[in-house]
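Worksheet for the structure shown next.
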Amino acid sequence: MGVVITFGTFDVFHVGHLRILKRARRLGGRLVVGVSTDELNFEKKGRLPVYTQSERLEIVSSLKCVDEVFSEESLDAKLMYIKKYKAEILLMGSDWGGKFDHLCGVCKVVYLERTPAISTTEVIEKIRL
Ligand code: C2G
């Protein structure tokens with residue numbers, strides 16, 4: 001079984017994050033996770049994450065289902081990361097469905113359904129109320 005690679009911000013870590021990582025690990029022998037940098041998150045969402053990059057890296061790297069982590073510096077560098085970590089499967093959540101199909105010739109591209117009714121934004125809103 002080969003290497004699975006996946007990406008995310010994993011800010012205010014919640015059970016939706018955990019479940020997709022557990023399912024990703026079951027697809028292969030090793031799970032490598034690219035954790036978005038604070039700068040990349042700012043570009044993507046127009047705000048900095050609640051948890052810093054080093055806190056998010058520390059949380060994700062401590063999970064039993066995760067074998068290795070690195071900082072994802074650019075959304076468009078998937079091919080470089082796939083090659084660097086010798087990934088056989090690129091795993092993304094269904095919110096990215098179809099977006100990385102052009103990489104199908106390089107590795108298998110799999111999209112998994114998100115856990116319904118939970119997101120970082122909803123957790124932040126709930127705490128605010
Ligand atoms: N996720 C999930 N269920 C949820 C929320 C998130 O399965 N209810 C999954 C997402 O689909 C993603 C992972 O958890 O696979 C991380 O989610 P985010 O931190 O929101 O990732 P995102 O900001 O979309 O960053 O290069 C891609 C980006 O880095 C992805």
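Simple scheme: letters A, B, ... for chains in structure tokens order, numbers from 1 for residues in each chain, numbers from 1 for ligands in the order shown.
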Would you mind listing what lies within 12 Å of Phe42 of chain A as a CSV table (one decimal) with N, CA and C atoms, in the first residue's frame, with only C-alpha atoms counted and same-chain residues fewer than 3 positions away left out?
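Dumped everything to selection_27.csv:
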chain,number,residue,atom,x,y,z
A,9,THR,N,-6.2,23.3,6.0
A,9,THR,CA,-5.8,24.3,7.0
A,9,THR,C,-5.8,23.7,8.4
A,36,SER,N,-1.8,24.1,5.4
A,36,SER,CA,-1.6,25.5,4.7
A,36,SER,C,-0.9,26.4,5.6
A,37,THR,N,0.0,27.2,5.1
A,37,THR,CA,0.7,28.3,5.9
A,37,THR,C,-0.3,29.4,6.2
A,38,ASP,N,0.0,30.2,7.2
A,38,ASP,CA,-0.9,31.3,7.6
A,38,ASP,C,-1.0,32.2,6.4
A,39,GLU,N,0.0,32.5,5.6
A,39,GLU,CA,0.0,33.4,4.4
A,39,GLU,C,-1.0,32.8,3.4
A,45,LYS,N,-8.7,32.8,2.2
A,45,LYS,CA,-9.9,33.2,3.0
A,45,LYS,C,-10.0,34.6,3.4
A,46,GLY,N,-9.0,35.4,3.2
A,46,GLY,CA,-9.0,36.8,3.6
A,46,GLY,C,-8.9,37.0,5.0
A,47,ARG,N,-8.5,36.0,5.8
A,47,ARG,CA,-8.3,36.2,7.2
A,47,ARG,C,-7.2,35.2,7.7
A,48,LEU,N,-6.5,35.5,8.8
A,48,LEU,CA,-5.6,34.6,9.3
A,48,LEU,C,-6.3,33.5,10.1
A,49,PRO,N,-5.7,32.3,10.2
A,49,PRO,CA,-6.4,31.2,11.0
A,49,PRO,C,-6.4,31.6,12.5
A,50,VAL,N,-7.3,31.0,13.2
A,50,VAL,CA,-7.3,31.3,14.7
A,50,VAL,C,-6.1,30.7,15.3
A,52,THR,N,-2.2,29.3,15.0
A,52,THR,CA,-1.1,29.6,14.2
A,52,THR,C,-0.6,28.3,13.4
A,53,GLN,N,0.2,28.6,12.4
A,53,GLN,CA,0.7,27.5,11.6
A,53,GLN,C,1.4,26.4,12.4
A,73,GLU,N,2.7,25.7,0.9
A,73,GLU,CA,3.0,27.1,0.7
A,73,GLU,C,2.2,27.6,-0.5
A,74,SER,N,1.7,26.8,-1.4
A,74,SER,CA,1.0,27.2,-2.5
A,74,SER,C,-0.1,26.2,-3.0
Surrounding residues as a PyMOL selection string, ligand 1, max 6 Å, only C-alpha atoms and all ligand atoms: chain A and resi 7-11+16-17+20+36+75+92-95+114-116+118-119
Residue list (strand (DSSP E or B), DSSP) for segment 37-113 of chain A, as an NGL selection string: :A and (68-72 or 87-93 or 108-112)
Serialized selection, all heavy atoms, as a compact mmCIF listing (two decimals), in the first residue's frame:
# COMPACT_ATOMS: atom_id res chain seq x y z
N GLU A 68 3.34 11.95 8.46
CA GLU A 68 4.27 13.05 8.19
C GLU A 68 3.49 14.31 7.84
O GLU A 68 2.44 14.22 7.20
CB GLU A 68 5.19 12.65 7.02
CG GLU A 68 6.36 13.57 6.83
CD GLU A 68 7.36 13.05 5.79
OE1 GLU A 68 7.30 11.87 5.39
OE2 GLU A 68 8.20 13.87 5.38
N VAL A 69 3.99 15.47 8.23
CA VAL A 69 3.35 16.74 7.86
C VAL A 69 4.39 17.67 7.23
O VAL A 69 5.58 17.52 7.45
CB VAL A 69 2.71 17.48 9.06
CG1 VAL A 69 1.54 16.73 9.64
CG2 VAL A 69 3.74 17.79 10.12
N PHE A 70 3.88 18.62 6.44
CA PHE A 70 4.74 19.67 5.90
C PHE A 70 3.88 20.91 5.73
O PHE A 70 2.64 20.83 5.77
CB PHE A 70 5.39 19.24 4.57
CG PHE A 70 4.40 19.02 3.45
CD1 PHE A 70 4.08 20.04 2.56
CD2 PHE A 70 3.80 17.78 3.28
CE1 PHE A 70 3.18 19.84 1.53
CE2 PHE A 70 2.89 17.56 2.25
CZ PHE A 70 2.58 18.60 1.37
N SER A 71 4.51 22.08 5.51
CA SER A 71 3.75 23.31 5.28
C SER A 71 3.40 23.44 3.81
O SER A 71 4.30 23.38 2.95
CB SER A 71 4.59 24.52 5.69
OG SER A 71 4.75 24.53 7.08
N GLU A 72 2.12 23.62 3.52
CA GLU A 72 1.69 23.83 2.12
C GLU A 72 1.79 25.32 1.82
O GLU A 72 1.06 26.13 2.38
CB GLU A 72 0.23 23.35 1.93
CG GLU A 72 -0.26 23.55 0.51
CD GLU A 72 -1.77 23.37 0.34
OE1 GLU A 72 -2.53 23.58 1.31
OE2 GLU A 72 -2.18 23.04 -0.77
N ALA A 87 3.69 10.29 -3.60
CA ALA A 87 2.31 9.91 -3.29
C ALA A 87 1.68 9.14 -4.44
O ALA A 87 1.87 9.47 -5.61
CB ALA A 87 1.48 11.15 -2.98
N GLU A 88 0.91 8.12 -4.09
CA GLU A 88 0.17 7.34 -5.10
C GLU A 88 -1.28 7.77 -5.15
O GLU A 88 -1.98 7.51 -6.12
CB GLU A 88 0.27 5.85 -4.79
CG GLU A 88 1.68 5.34 -5.04
CD GLU A 88 1.87 3.87 -4.69
OE1 GLU A 88 0.87 3.17 -4.46
OE2 GLU A 88 3.04 3.45 -4.63
N ILE A 89 -1.75 8.39 -4.08
CA ILE A 89 -3.13 8.87 -4.03
C ILE A 89 -3.16 10.31 -3.52
O ILE A 89 -2.55 10.61 -2.48
CB ILE A 89 -4.01 7.99 -3.09
CG1 ILE A 89 -4.01 6.53 -3.56
CG2 ILE A 89 -5.43 8.55 -2.98
CD1 ILE A 89 -4.78 5.59 -2.64
N LEU A 90 -3.88 11.18 -4.25
CA LEU A 90 -4.17 12.54 -3.75
C LEU A 90 -5.60 12.51 -3.25
O LEU A 90 -6.53 12.17 -3.99
CB LEU A 90 -4.04 13.57 -4.88
CG LEU A 90 -4.60 14.96 -4.58
CD1 LEU A 90 -3.86 15.64 -3.44
CD2 LEU A 90 -4.55 15.85 -5.83
N LEU A 91 -5.76 12.82 -1.98
CA LEU A 91 -7.07 12.77 -1.35
C LEU A 91 -7.54 14.18 -1.01
O LEU A 91 -6.82 14.92 -0.35
CB LEU A 91 -6.94 11.92 -0.07
CG LEU A 91 -8.15 11.54 0.78
CD1 LEU A 91 -8.66 12.67 1.61
CD2 LEU A 91 -9.23 10.90 -0.05
N MET A 92 -8.73 14.55 -1.48
CA MET A 92 -9.27 15.88 -1.16
C MET A 92 -10.72 15.72 -0.71
O MET A 92 -11.40 14.76 -1.06
CB MET A 92 -9.23 16.79 -2.39
CG MET A 92 -7.84 17.03 -2.98
SD MET A 92 -6.68 17.92 -1.90
CE MET A 92 -7.42 19.53 -1.79
N GLY A 93 -11.22 16.70 0.05
CA GLY A 93 -12.61 16.69 0.46
C GLY A 93 -13.50 17.04 -0.72
O GLY A 93 -13.04 17.62 -1.72
N LYS A 108 -3.53 8.58 -8.37
CA LYS A 108 -4.98 8.43 -8.28
C LYS A 108 -5.53 9.65 -7.52
O LYS A 108 -4.93 10.06 -6.51
CB LYS A 108 -5.27 7.15 -7.51
CG LYS A 108 -6.66 6.62 -7.67
CD LYS A 108 -6.71 5.22 -7.09
CE LYS A 108 -8.14 4.92 -6.72
NZ LYS A 108 -8.29 3.66 -6.00
N VAL A 109 -6.61 10.23 -8.00
CA VAL A 109 -7.20 11.39 -7.31
C VAL A 109 -8.56 10.97 -6.73
O VAL A 109 -9.43 10.51 -7.46
CB VAL A 109 -7.39 12.58 -8.28
CG1 VAL A 109 -7.97 13.79 -7.55
CG2 VAL A 109 -6.06 12.96 -8.94
N VAL A 110 -8.68 11.11 -5.41
CA VAL A 110 -9.90 10.66 -4.72
C VAL A 110 -10.51 11.83 -3.95
O VAL A 110 -9.79 12.57 -3.27
CB VAL A 110 -9.57 9.51 -3.72
CG1 VAL A 110 -10.79 9.07 -2.95
CG2 VAL A 110 -8.94 8.33 -4.45
N TYR A 111 -11.81 12.01 -4.06
CA TYR A 111 -12.52 13.04 -3.28
C TYR A 111 -13.45 12.31 -2.30
O TYR A 111 -14.21 11.44 -2.71
CB TYR A 111 -13.37 13.94 -4.20
CG TYR A 111 -12.56 14.58 -5.31
CD1 TYR A 111 -12.55 14.02 -6.59
CD2 TYR A 111 -11.82 15.73 -5.08
CE1 TYR A 111 -11.80 14.60 -7.62
CE2 TYR A 111 -11.08 16.31 -6.10
CZ TYR A 111 -11.07 15.75 -7.37
OH TYR A 111 -10.33 16.32 -8.38
N LEU A 112 -13.38 12.66 -1.03
CA LEU A 112 -14.25 12.03 -0.03
C LEU A 112 -15.28 13.04 0.46
O LEU A 112 -14.98 14.23 0.61
CB LEU A 112 -13.44 11.53 1.16
CG LEU A 112 -12.54 10.31 0.97
CD1 LEU A 112 -11.89 9.93 2.30
CD2 LEU A 112 -13.31 9.12 0.42
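Closest approach to Val35 of chain A among A:Cys107, A:Leu57, A:Leu21, A:Leu79: A:Leu57, based on only C-alpha atoms.
Going from atom CA of Glu122 of chain A to atom CA of Leu18 of chain A covers 16.3 Å.
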Using only C-alpha atoms, which of A:Arg56, A:Asn41, A:Arg26, A:Val3 sits nearest Lys83 of chain A?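 Among the listed residues, the smallest separation from Lys83 of chain A belongs to A:Val3.
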Could you check how far atom CA of Leu63 of chain A sits from atom CA of Lys22 of chain A, in Å to one decimal?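 Taking atom CA of Leu63 of chain A as the start and atom CA of Lys22 of chain A as the end point, the length is 9.3 Å.
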With distances taken over only C-alpha atoms, which residue among A:Ile59, A:Thr120, A:Val4, A:Val12 lies nearest Val33 of chain A?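 With only C-alpha atoms as the atom set, the closest residue is A:Val4.
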To one decimal place in Å, what is the distance between atom CA of Glu125 of chain A and atom CA of Val66 of chain A?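 So the two atoms, atom CA of Glu125 of chain A and atom CA of Val66 of chain A, lie 28.5 Å apart.
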